[in-house]
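Asks: Before we start, here is the structure in question, set down as structure tokens.
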Amino acid sequence: MKAARLHVLGQPLSLDTVPVPDVARDEVLIRIAGAGVCHSDLHIRSGEFPLPPGFELPLTLGHENAGYVEAVGPDVTAVKRGDAVAVWGGRGCGSCRICRQGDEQCCNIALWVAAGGYAEFMHVPSERLLVKLDGLDPIDAAPLADAGLTPYRAIKKILPHLYPGAAVAVVGIGGLGHMALQILRAVAPSTRVIAVDVAPERLAAAAELGASDVVDARRDAAGEIVRLTGGEGAQAVIDLVGSDASLRTAASAAARKGIIVLVGLGGGTLPFSFLGLRSECTVTSSYWGSYTEFQDVLALARRGSIRPTIRRYPLDRVNEALDALARGEVQGRAVVTP
Ligand SMILES: [Zn+2]
Ligand SMILES: [Zn+2]
């Protein structure tokens, strides 16, 4: 089978011919229909995001995967050949306190499913990592595995801070951001959603996706958010970029008793001090999403409340998709369709 693999950090992926993986026990082989192209793949490809132990080169990237069950191990009972499924990749040890609470993705990044979906087939280490699509198109559903799931979890963290008319700023309207706007409209429709980005075309798309206001990040974005909210600031800021600049914007834009959720892997830092943020502002990160949160996201898609904007690339053009993403040229999500 064909698989796009990273051999050397900083180099393009190479399209290799590799054996189709075997399945044993409760393992499942998926024929990939769609694999979303995520900014974290760029961070991995460039070497900025250190590979966790267990993720060895050459590595097939791609962690937003959906397709059809091709083969099952002898112990598999939940799915059968031909079923349309998405892969939840945030596997943990399954037995520690965090995992027992259902937040396996917070257990240990080294246990996340390593070999990804930029390939004709993907080996899934256990049937328990699959979610049935029940009517959703796997190509549309693939980006939901991260671009939908990650903002959904971040939005759940901010819900206790919201009230009718409260302002939520979403910084970065890329793959995750364009889903965050739709999820907010679905789960917190009485809030005011402020989209922040550097690119005018992404801000235009944000307005179409339901943002109440759009703010150009190349100017004084925090000042603009404070002005739009009558001096109060945003009750929640979801930072999907994570650079020094975006975190500075978040810190200056967040309201008293507000919350900043850091999601983006931009590598920036936010100095934390008593008077550095408005009173009792919470700062937290958000790690991917749990299995049940993924089920929730798929339910939102099935209801028609959210839908990724996608651009398809065949597998042999995956580097083109990654390069377009690096240049900020992808609107919504690029999806590799082997
Ligand atoms: Zn991702
Ligand atoms: Zn665990």
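Identifiers for the structure tokens are assigned positionally: chains receive A, B, ... in sequence, residues are indexed from 1 per chain, and ligands are indexed from 1 in the order shown.
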With a cut-off of 12 Å, could you pull out the residues of chain A touching ligand 1 and give me the nearest pair of atoms for each, distance in Å to one decimal, using only C-alpha atoms and all ligand atoms, ordered by chain and ascending number, as CSV?
Replies:
```
residue,atom,partner,partner_atom_place_in_ligand_line,distance
A:Ala35,CA,ligand 1,1 (Zn),10.7
A:Gly36,CA,ligand 1,1 (Zn),8.2
A:Val37,CA,ligand 1,1 (Zn),7.6
A:Cys38,CA,ligand 1,1 (Zn),4.5
A:His39,CA,ligand 1,1 (Zn),6.1
A:Ser40,CA,ligand 1,1 (Zn),5.0
A:Asp41,CA,ligand 1,1 (Zn),6.8
A:Leu42,CA,ligand 1,1 (Zn),9.4
A:His43,CA,ligand 1,1 (Zn),9.8
A:Ile44,CA,ligand 1,1 (Zn),10.2
A:Phe49,CA,ligand 1,1 (Zn),11.8
A:Leu61,CA,ligand 1,1 (Zn),10.2
A:Gly62,CA,ligand 1,1 (Zn),8.0
A:His63,CA,ligand 1,1 (Zn),6.4
A:Glu64,CA,ligand 1,1 (Zn),7.1
A:Asn65,CA,ligand 1,1 (Zn),10.7
A:Trp88,CA,ligand 1,1 (Zn),11.9
A:Gly89,CA,ligand 1,1 (Zn),10.5
A:Gly90,CA,ligand 1,1 (Zn),11.0
A:Gly116,CA,ligand 1,1 (Zn),11.3
A:Ala142,CA,ligand 1,1 (Zn),11.3
A:Pro143,CA,ligand 1,1 (Zn),8.8
A:Leu144,CA,ligand 1,1 (Zn),10.1
A:Ala145,CA,ligand 1,1 (Zn),8.4
A:Asp146,CA,ligand 1,1 (Zn),5.3
A:Ala147,CA,ligand 1,1 (Zn),6.6
A:Gly148,CA,ligand 1,1 (Zn),9.8
A:Leu149,CA,ligand 1,1 (Zn),9.6
A:Thr150,CA,ligand 1,1 (Zn),8.1
A:Pro151,CA,ligand 1,1 (Zn),10.8
A:Gly174,CA,ligand 1,1 (Zn),11.5
A:Gly175,CA,ligand 1,1 (Zn),9.1
A:Leu176,CA,ligand 1,1 (Zn),8.5
A:Leu240,CA,ligand 1,1 (Zn),11.1
A:Val263,CA,ligand 1,1 (Zn),10.2
A:Gly264,CA,ligand 1,1 (Zn),9.6
A:Leu265,CA,ligand 1,1 (Zn),9.6
A:Tyr287,CA,ligand 1,1 (Zn),10.5
A:Trp288,CA,ligand 1,1 (Zn),8.0
A:Gly289,CA,ligand 1,1 (Zn),11.0
A:Arg333,CA,ligand 1,1 (Zn),10.8
A:Ala334,CA,ligand 1,1 (Zn),11.9
```
Asks: Which chains and residue numbers are within 12 Å of ligand 2, counting only C-alpha atoms and all ligand atoms, if I want them as a count of residues only?
Replies: 23
Asks: From the list A:Ala166, A:Leu275, A:Arg227, A:Leu51, which residue is nearest A:Ala253 when using only C-alpha atoms?
Replies: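 So, comparing all the options, the nearest one is A:Arg227.
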Asks: Where in stretch 137-308 of chain A does DSSP assign strand (DSSP E), given as a ChimeraX atom specification?
Replies: /A:167-171,192-197,213-216,234-239,254-262,282-285
Asks: List as a compact mmCIF listing (two decimals) with N, CA, C and O atoms, in the first residue's frame the protein and nucleic acid residues near A:Pro200, meaning an atom at most 12 Å away when only C-alpha atoms are counted, but skip any in the same chain fewer than 4 places from it.
Replies:
```
# COMPACT_ATOMS: atom_id res chain seq x y z
N GLY A 172 -7.47 32.81 15.82
CA GLY A 172 -6.98 31.87 14.82
C GLY A 172 -8.13 31.14 14.14
O GLY A 172 -8.71 30.22 14.71
N ILE A 173 -8.47 31.57 12.93
CA ILE A 173 -9.63 30.97 12.24
C ILE A 173 -9.12 30.05 11.12
O ILE A 173 -9.34 30.29 9.94
N ALA A 195 -14.27 36.74 16.23
CA ALA A 195 -13.22 36.00 15.52
C ALA A 195 -12.01 36.91 15.30
O ALA A 195 -12.16 38.06 14.89
N VAL A 196 -10.83 36.38 15.59
CA VAL A 196 -9.59 37.15 15.47
C VAL A 196 -8.65 36.39 14.54
O VAL A 196 -8.38 35.20 14.74
N ALA A 204 -13.47 36.96 6.67
CA ALA A 204 -14.71 36.98 5.88
C ALA A 204 -15.44 35.65 6.05
O ALA A 204 -16.66 35.61 6.23
N ALA A 205 -14.68 34.55 6.03
CA ALA A 205 -15.30 33.23 6.23
C ALA A 205 -15.88 33.13 7.63
O ALA A 205 -16.95 32.55 7.83
N ALA A 206 -15.20 33.73 8.61
CA ALA A 206 -15.68 33.69 10.00
C ALA A 206 -17.04 34.36 10.11
O ALA A 206 -17.94 33.86 10.81
N ALA A 207 -17.21 35.48 9.42
CA ALA A 207 -18.50 36.18 9.46
C ALA A 207 -19.59 35.29 8.89
O ALA A 207 -20.70 35.21 9.43
N VAL A 214 -15.65 40.50 13.73
CA VAL A 214 -14.33 40.02 13.32
C VAL A 214 -13.30 41.10 13.62
O VAL A 214 -13.57 42.29 13.49
N VAL A 215 -12.12 40.65 14.07
CA VAL A 215 -11.07 41.59 14.49
C VAL A 215 -9.77 41.21 13.80
O VAL A 215 -9.36 40.04 13.82
N ASP A 216 -9.14 42.20 13.20
CA ASP A 216 -7.88 42.00 12.48
C ASP A 216 -6.72 41.93 13.48
O ASP A 216 -6.43 42.91 14.16
N ALA A 217 -6.07 40.77 13.53
CA ALA A 217 -4.99 40.57 14.51
C ALA A 217 -3.73 41.35 14.16
O ALA A 217 -2.82 41.44 14.98
N ARG A 218 -3.67 41.91 12.96
CA ARG A 218 -2.47 42.70 12.61
C ARG A 218 -2.52 44.07 13.27
O ARG A 218 -1.52 44.77 13.33
N GLY A 328 -0.53 29.46 5.01
CA GLY A 328 -1.79 30.07 5.44
C GLY A 328 -2.82 30.15 4.33
O GLY A 328 -3.72 30.98 4.35
N GLU A 329 -2.71 29.26 3.35
CA GLU A 329 -3.59 29.35 2.19
C GLU A 329 -4.80 28.42 2.25
O GLU A 329 -5.62 28.43 1.33
N GLN A 331 -8.32 27.32 3.40
CA GLN A 331 -9.55 27.81 4.03
C GLN A 331 -10.26 26.59 4.62
O GLN A 331 -10.54 25.65 3.88
```
Asks: Could you give me, as a PyMOL selection string, the residues within 6 Å of stretch 299-316 of chain A, counting only C-alpha atoms and dropping anything in the same chain fewer than 4 positions from it?
Replies: chain A and resi 182+332-338
Asks: Just checking: using only C-alpha atoms, which residue out of A:Val170, A:Ala254, A:Cys281, A:Val85 ends up closest to A:Arg192?
Replies: A:Val170
Asks: Using only C-alpha atoms for the distances, tell me which of A:Pro189, A:Pro21, A:Pro160, A:Gly117 is nearest to A:Ala71.
Replies: A:Pro21
Asks: Can you measure atom CA of A:Glu320 to atom CA of A:Pro12 for me? One decimal in Å is fine.
Replies: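 We find that atom CA of A:Glu320 and atom CA of A:Pro12 lie 9.4 Å from each other.
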Asks: Can you tell me which residues surround stretch 123-134 of chain A at a distance of at most 7 Å, considering only C-alpha atoms, apart from same-chain residues fewer than 6 positions away, and format the answer as a ChimeraX atom specification?
Replies: /A:21,26-30,76,78,84-89
Asks: Would you mind telling me which residue in A:Gly10, A:Ala141, A:Glu56, A:Arg31 lies nearest to A:Leu298 when using only C-alpha atoms?
Replies: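 Of A:Gly10, A:Ala141, A:Glu56, A:Arg31, the one nearest A:Leu298 is A:Ala141, counting only C-alpha atoms.
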Asks: Going by DSSP on the backbone, which residues of stretch 199-264 of chain A come out as helix (DSSP H, G or I)? List them as a list of chain:residue names.
Replies: A:Pro200, A:Glu201, A:Arg202, A:Leu203, A:Ala204, A:Ala205, A:Ala206, A:Ala207, A:Glu208, A:Ala221, A:Ala222, A:Gly223, A:Glu224, A:Ile225, A:Val226, A:Arg227, A:Leu228, A:Asp244, A:Ala245, A:Ser246, A:Leu247, A:Arg248, A:Thr249, A:Ala250, A:Ala251, A:Ser252, A:Ala253
Asks: For a quick check of understanding, using only C-alpha atoms, which of A:Val283, A:Glu201, A:Ser212, A:Ile155 has the smallest distance to A:Ala188?
Replies: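 Answer, going by the shortest atom-to-atom distance: A:Ile155.
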Asks: By how many Å are atom CA of A:Tyr291 and atom CA of A:His161 apart?
Replies: 24.0 Å
Asks: Would you mind telling me which residue in A:His7, A:Arg185, A:Lys80, A:Lys2 lies nearest to A:Val168 when using only C-alpha atoms?
Replies: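 That would be A:Arg185, the residue with the smallest distance to A:Val168.
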